[in-house]
Amino acid sequence: MRRLRLSRLLAMACLLLAACLLHGTAIAADTGRVLRLADAPTYDLSAHADFLEDDTGGLTIDEIRQPAQQARFRPVPVSGPGANFGLTRSAIWLRVRLDAPAGPDTRWLLELGYPPLDRVELWSPDEGFGLHRQIGGDLQPYASRVVPHRNHVFPVTLPPATTTTLYLRIASQGTVSAPLRLWRPAALWQADQREYAALSLYFGLLVGLLLYNLLLYLSVRDTAYLVYVLFVAGMGTAQAALTGIGLQFLWTEHIWWNSVSPPAGMCAAAIFAMQFARSFLASRQTMPTVDKLLLALIVGWVVALGTALLLPYIVSSILVTVLAPLAVLVLVSAGVVGMRRGLGGAREFMAAWSVLLIGVFSLFLHNTGQVPSNAVTSNALLIGSALEMVLLSFALGNRINVARRFKEQAQARIAAEQAMVQTLSTSQQRLRTLLDERETILDTSIVGIAFLTPQGRFKWANRAMMDIFGATEASLVESMEPYYLSREQYLEVGGGVAQAVSRGEVYANELQMQRSDGTRIWVSLAGRSVSRHDLAQGTVWVIMDITRRKELEAALQRTSSEREAILNNAVVGIVLSVRRRHEWVNEKFARMLGYPREELIGRTSDYIHPDRESWDRFGVEARAALVATNGYTCERQIRRADGSLFWAEMGGSCIKPNDPDSGVIWTLLDITGRKKSEAEMREALEQQKALNELRSRFVAMTSHEFRTPLAAIRSAEELLRHYGDRMDHADRVETLDSIASGVDRMSKMLDRVLLIGRADAEMLDCQPGDLDLRALCRIMVEEARIQHPESHCEVVASFSAGVGRGRFDEKLLRHIFGNLLSNAIKYSPAGGQVRFNVIREETATVFEVGDQGIGIPADEVPHLFGSFHRASNVGAIPGTGLGLAIVKNAVDAHGGTIEVTSVVGEGTTFVVRIPHVG
């Protein structure tokens with residue numbers, strides 16, 4: 001007995017089926033026909049196999065290995081994962097040549113992934129250089145399989161670094177398909193996890209649908225659900241056999257049933273599918289012709305079921321192949337007819353069988369060898385049947401919903417009719433009560449309401465209307481004209497009303513009218529037509545007495561004008577700022593900034609700040625203070641329209657407490673004069689401080705500098721007094737010279753102090769005269785050498801071309817360069833060279849005095865020319881701190897400049913530039 005290999009349907013069928021057909025039956029190119037194995041875990045052997053068709057089925061392995069038969073082998077036509085030879089009674093021989101890699105692992109598994117094959121034989125080399133035969137197929141007991149698997153799996157050993165030839169013989173009365181693959185054992189088990197998971201989902205779906213609809217049948221007792229359950233059971237039986245799951249897990253020992261279960265399951269499923277269509281669509285009543293076709297098909301499928309159980313496999317295979325597409329076509333046609341007639345669930349019914357029709361068509365092409373065996377065609381029925389059963393389940397669910405909806409609609413219709421009777425019985429009384437309530441509301445309203453005819457006559461007016469005009473119901477005139485101040489006003493308002501009414505708009509106005517006693521009042525008047533399309537229905541008016549409001553507005557206007565005048569005449573600038581935008585400013589603020597007042601209103605406040613950054617920073621600081629304390633005060637520079645800046649004291653407070661977003665009132669007071677006075681006061685204080693410091697330094701200096709010569713004089717005086725008569729002439733002269741030297745030193749120091757005083761009092765005059773500059777400079781160099789006889793410095797003077805006679809103040813030059821040369825020698829205790837360079841330029845004479853002494857700290861250079869200032873690194877070297885101050889004043893008196901560069905420990909250079917005179 002044989003099993004039918006029925007293809008499994010693709011759910012998205014049409015496009016993918018077309019892709020399968022276009023993929024065609026391409027023939028694999030012969031690229032040596034030897035597959036070289038490497039490190040991959042699996043190889044598709046179909047593309048590398050050769051085949052031979054044995055029409056008689058009598059060839060043996062020894063005959064196949066003969067050269068004549070070897071020459072008959074041709075490359076396998078491959079498309080998809082395996083070759084498909086269709087329905088054939090021939091035996092198919094496959095030859096695969098494999099070149100195994102070098103290595104210790106020679107174990108492989110050969111998988112033939114098509115369970116419903118009757119007999120499969122594999123010849124592979126054994127250890128004695130012979131051939132080892134393995135037999136498989138669905139006609140063999142499952143327990144005899146070497147590898148327990150739903151597909152046909154054979155273990156093979158491939159010697160390393162050797163070309164091995166495998167022969168495979170396949171014979172089956174059904175479709176012969178050979179998706180051949182070589183696996184490493186571990187890789188096959190990993191791939192099985194995915195395949196068994198997919199099959200578990202499919203059969204789990206079938207079991208769920210079966211149990212769910214069985215419970216529905218037990219609940220509603222509708223035979224359509226029972227027929228559907230039997231249909232699902234038949235389909236599940238067929239698929240279990242086709243996928244190999246049935247033989248592996250369900251009927252392992254029942255070889256006969258495994259052989260007949262695919263066609264038997266398909267026939268049972270088709271029989272119950274036809275009966276389900278008849279029951280679901282009620283075809284006997286709604287479509288008699290289609291019902292007859294369904295009955296005929298049921299008879300055909302019953303015959304096919306009998307042949308599957310009793311006759312050879314090929315008979316049932318042909319019957320199933322022919323009946324399947326016809327059955328699905330009839331079912332789809334029945335669904336189309338049901339949709340056109342509006343039957344509930346007909347759309348889902350047609351969709352389900354349309355999907356199955358595509359699957360059956362794919363099955364037909366697969367079984368006849370017209371399409372390749374690939375993932376689409378080999379699983380089409382599996383996927384398509386699952387979708388078909390789900391859609392049919394939806395159709396049954398929709399049937400329940402339709403029945404429930406019909407029941408609910410009927411109940412709702414009955415309830416609506418009962419409610420309508422009750423509503424009609426009370427509607428007239430409710431309407432009468434509603435009209436009375438509305439008339440009461442209108443009559444007691446606080447606004448006047450009137451209904452006028454198209455001619456402007458009163459048709460109805462409420463009590464508030466009569467109170468506004470001081471009328472009673474008896475004295476109310478027919479027209480509103482007497483309540484206007486003049487006929488012209490009455491006609492003017494009437495014209496406006498007519499235009500608004502003609503456009504279907506509301507007329508609204510505020511105007512003065514008069515009461516019945518002649519008292520004038522302000523009213524707000526609004527009216528519109530009852531119907532825009534039928535002006536003959538009249539107009540409705542609402543009138544409010546707004547006299548009090550008008551009086552308050554006038555008083556507010558007067559108060560606002562007074563406050564505006566007060567604020568505009570304030571002595572400080574006042575601004576109302578909302579979200580940093582000036583909503584109002586007074587005249588004083590506009591004059592302070594030099595802008596027209598109108599130009600400032602509505603502008604953001606950034607224009608009053610020096611730059612955008614300061615505006616942003618002010619906003620952050622001010623907002624934080626306003627939120628925290630409701631106030632902020634600061635002194636800032638404000639920018640005028642001409643770009644100039646002035647100092648202002650700003651104070652702000654929120655309109656709503658601690659909420660700057662509600663608005664901030666700012667006042668600005670010009671404090672430029674005060675700031676100027678403060679600056680002058682600070683400057684005076686600084687000058688006084690400097691003067692006090694100068695006085696202190698002068699006292700300290702004089703006390704130090706005078707003490708030394710005075711001590712020498714006192715000592716010499718005591719020597720002369722007590723020992724003068726015993727001293728020889730030379731000792732007396734030396735003592736007198738020391739007295740003279742001390743007096744001379746104090747005299748020079750006093751001269752320097754006086755000179756500084758004259759310079760500070762701007763009494764240091766420059767009186768240039770003609771002199772020989774070269775000779776004067778040599779004299780000053782020589783005087784500097786004599787002044788410091790103990791120094792080891794070498795004083796070198798150099799003159800550029802053109803240095804000779806010129807107009808200079810000799811006295812000032814001596815002050816300048818006498819001090820600079822003396823300092824250069826004095827502050828070079830280790831010796832070195834002192835340079836005095838004189839260079840004549842076009843507009844000035846440049847004097848350079850440089851040494852290799854102790855240098856001046858960089859941070860003290862800016863204070864170098866201050867009176868009584870001495871560098872911090874002078875140590876015990878004597879000095880008054882007045883020399884460089886005298887130099888600076890003398891240079892300034894000459895109209896020149898002085899620059900200094902110094903490096904501590906390397907020396908100092910002064911550059912004096914004196915412009916030429918006359």
# chains A, B, ... in the order shown; residues from 1 in each chain; ligands from 1

$ residues_around --residues "stretch 103-114 of chain A" --least-positions-apart "4" --cutoff "6 Å" --atoms "only C-alpha atoms" --output "VMD selection string"
chain A and resid 151 to 158 179 to 184

$ write_last_selection --atoms "all heavy atoms" --output "tab-separated table (two decimals), in the first residue's frame"
chain	number	residue	atom	x	y	z
A	151	ASN	N	11.51	12.10	8.84
A	151	ASN	CA	12.01	11.93	7.48
A	151	ASN	C	12.90	10.69	7.43
A	151	ASN	O	13.15	10.02	8.44
A	151	ASN	CB	12.80	13.17	7.04
A	151	ASN	CG	11.89	14.37	6.86
A	151	ASN	OD1	10.74	14.23	6.45
A	151	ASN	ND2	12.38	15.56	7.18
A	152	HIS	N	13.42	10.40	6.23
A	152	HIS	CA	14.30	9.25	6.03
A	152	HIS	C	15.73	9.74	6.24
A	152	HIS	O	16.28	10.49	5.42
A	152	HIS	CB	14.12	8.68	4.63
A	152	HIS	CG	12.69	8.37	4.29
A	152	HIS	ND1	11.98	7.36	4.88
A	152	HIS	CD2	11.83	8.98	3.43
A	152	HIS	CE1	10.75	7.34	4.40
A	152	HIS	NE2	10.63	8.33	3.50
A	153	VAL	N	16.37	9.32	7.33
A	153	VAL	CA	17.71	9.77	7.71
A	153	VAL	C	18.60	8.54	7.84
A	153	VAL	O	18.27	7.57	8.55
A	153	VAL	CB	17.68	10.56	9.03
A	153	VAL	CG1	19.09	10.99	9.42
A	153	VAL	CG2	16.77	11.78	8.90
A	154	PHE	N	19.79	8.57	7.12
A	154	PHE	CA	20.73	7.46	7.12
A	154	PHE	C	22.09	7.96	7.59
A	154	PHE	O	22.58	8.99	7.11
A	154	PHE	CB	20.89	6.86	5.72
A	154	PHE	CG	19.58	6.44	5.11
A	154	PHE	CD1	18.90	7.27	4.23
A	154	PHE	CD2	19.03	5.20	5.41
A	154	PHE	CE1	17.71	6.89	3.65
A	154	PHE	CE2	17.83	4.80	4.84
A	154	PHE	CZ	17.17	5.64	3.97
A	155	PRO	N	22.74	7.25	8.50
A	155	PRO	CA	24.11	7.63	8.87
A	155	PRO	C	25.10	7.16	7.81
A	155	PRO	O	24.99	6.03	7.31
A	155	PRO	CB	24.32	6.90	10.20
A	155	PRO	CG	23.39	5.73	10.15
A	155	PRO	CD	22.20	6.15	9.34
A	156	VAL	N	26.04	7.99	7.46
A	156	VAL	CA	27.08	7.64	6.49
A	156	VAL	C	28.43	8.05	7.06
A	156	VAL	O	28.54	9.01	7.82
A	156	VAL	CB	26.84	8.33	5.12
A	156	VAL	CG1	25.57	7.83	4.49
A	156	VAL	CG2	26.82	9.83	5.29
A	157	THR	N	29.44	7.29	6.64
A	157	THR	CA	30.82	7.59	7.03
A	157	THR	C	31.60	7.97	5.78
A	157	THR	O	31.64	7.19	4.81
A	157	THR	CB	31.46	6.38	7.71
A	157	THR	OG1	30.71	6.02	8.87
A	157	THR	CG2	32.90	6.68	8.11
A	158	LEU	N	32.22	9.14	5.79
A	158	LEU	CA	32.97	9.63	4.64
A	158	LEU	C	34.44	9.66	5.00
A	158	LEU	O	34.86	10.46	5.86
A	158	LEU	CB	32.49	11.04	4.25
A	158	LEU	CG	31.01	11.16	3.88
A	158	LEU	CD1	30.66	12.60	3.54
A	158	LEU	CD2	30.66	10.25	2.72
A	179	PRO	N	14.23	15.84	-1.94
A	179	PRO	CA	15.01	16.91	-1.32
A	179	PRO	C	16.11	16.31	-0.44
A	179	PRO	O	15.88	15.89	0.67
A	179	PRO	CB	13.98	17.67	-0.49
A	179	PRO	CG	12.91	16.68	-0.22
A	179	PRO	CD	12.89	15.72	-1.36
A	180	LEU	N	17.33	16.23	-1.00
A	180	LEU	CA	18.43	15.49	-0.40
A	180	LEU	C	19.38	16.47	0.28
A	180	LEU	O	19.77	17.50	-0.31
A	180	LEU	CB	19.15	14.69	-1.49
A	180	LEU	CG	20.02	13.52	-1.04
A	180	LEU	CD1	19.19	12.48	-0.29
A	180	LEU	CD2	20.70	12.88	-2.26
A	181	ARG	N	19.80	16.16	1.52
A	181	ARG	CA	20.66	17.08	2.27
A	181	ARG	C	21.61	16.28	3.16
A	181	ARG	O	21.23	15.25	3.72
A	181	ARG	CB	19.83	18.02	3.12
A	181	ARG	CG	20.57	19.25	3.57
A	181	ARG	CD	19.62	20.35	4.02
A	181	ARG	NE	20.29	21.62	4.10
A	181	ARG	CZ	20.48	22.46	3.10
A	181	ARG	NH1	20.02	22.15	1.91
A	181	ARG	NH2	21.12	23.60	3.26
A	182	LEU	N	22.87	16.76	3.27
A	182	LEU	CA	23.89	16.13	4.10
A	182	LEU	C	24.09	16.99	5.34
A	182	LEU	O	24.25	18.21	5.24
A	182	LEU	CB	25.20	16.01	3.33
A	182	LEU	CG	26.32	15.22	4.03
A	182	LEU	CD1	25.94	13.76	4.19
A	182	LEU	CD2	27.64	15.35	3.24
A	183	TRP	N	24.12	16.36	6.52
A	183	TRP	CA	24.17	17.11	7.78
A	183	TRP	C	25.29	16.57	8.67
A	183	TRP	O	25.61	15.38	8.65
A	183	TRP	CB	22.87	16.96	8.59
A	183	TRP	CG	21.65	17.52	7.95
A	183	TRP	CD1	20.82	16.92	7.06
A	183	TRP	CD2	21.10	18.81	8.20
A	183	TRP	NE1	19.80	17.75	6.72
A	183	TRP	CE2	19.94	18.93	7.41
A	183	TRP	CE3	21.47	19.88	9.01
A	183	TRP	CZ2	19.15	20.06	7.41
A	183	TRP	CZ3	20.68	21.02	9.01
A	183	TRP	CH2	19.55	21.10	8.22
A	184	ARG	N	25.85	17.47	9.45
A	184	ARG	CA	26.54	17.06	10.66
A	184	ARG	C	25.45	16.71	11.70
A	184	ARG	O	24.41	17.37	11.73
A	184	ARG	CB	27.42	18.18	11.21
A	184	ARG	CG	28.68	18.41	10.39
A	184	ARG	CD	29.68	17.29	10.54
A	184	ARG	NE	30.97	17.62	9.90
A	184	ARG	CZ	31.97	16.76	9.80
A	184	ARG	NH1	31.83	15.53	10.29
A	184	ARG	NH2	33.10	17.12	9.23

$ atom_distance --atom1 "atom CA of A:Tyr228" --atom2 "atom CA of A:Gln275"
8.9 Å

$ select_by_dssp --residues "stretch 460-695 of chain A" --states "alpha helix (DSSP H)" --output "MDAnalysis selection string"
chainID A and resid 463:468 487:503 547:568 587:593 597:600 612:629 672:695

$ atom_distance --atom1 "atom CA of A:Gly174" --atom2 "atom CA of A:Leu87"
5.6 Å

$ select_by_dssp --residues "stretch 446-683 of chain A" --states "strand (DSSP E or B)" --output "count of residues only"
81
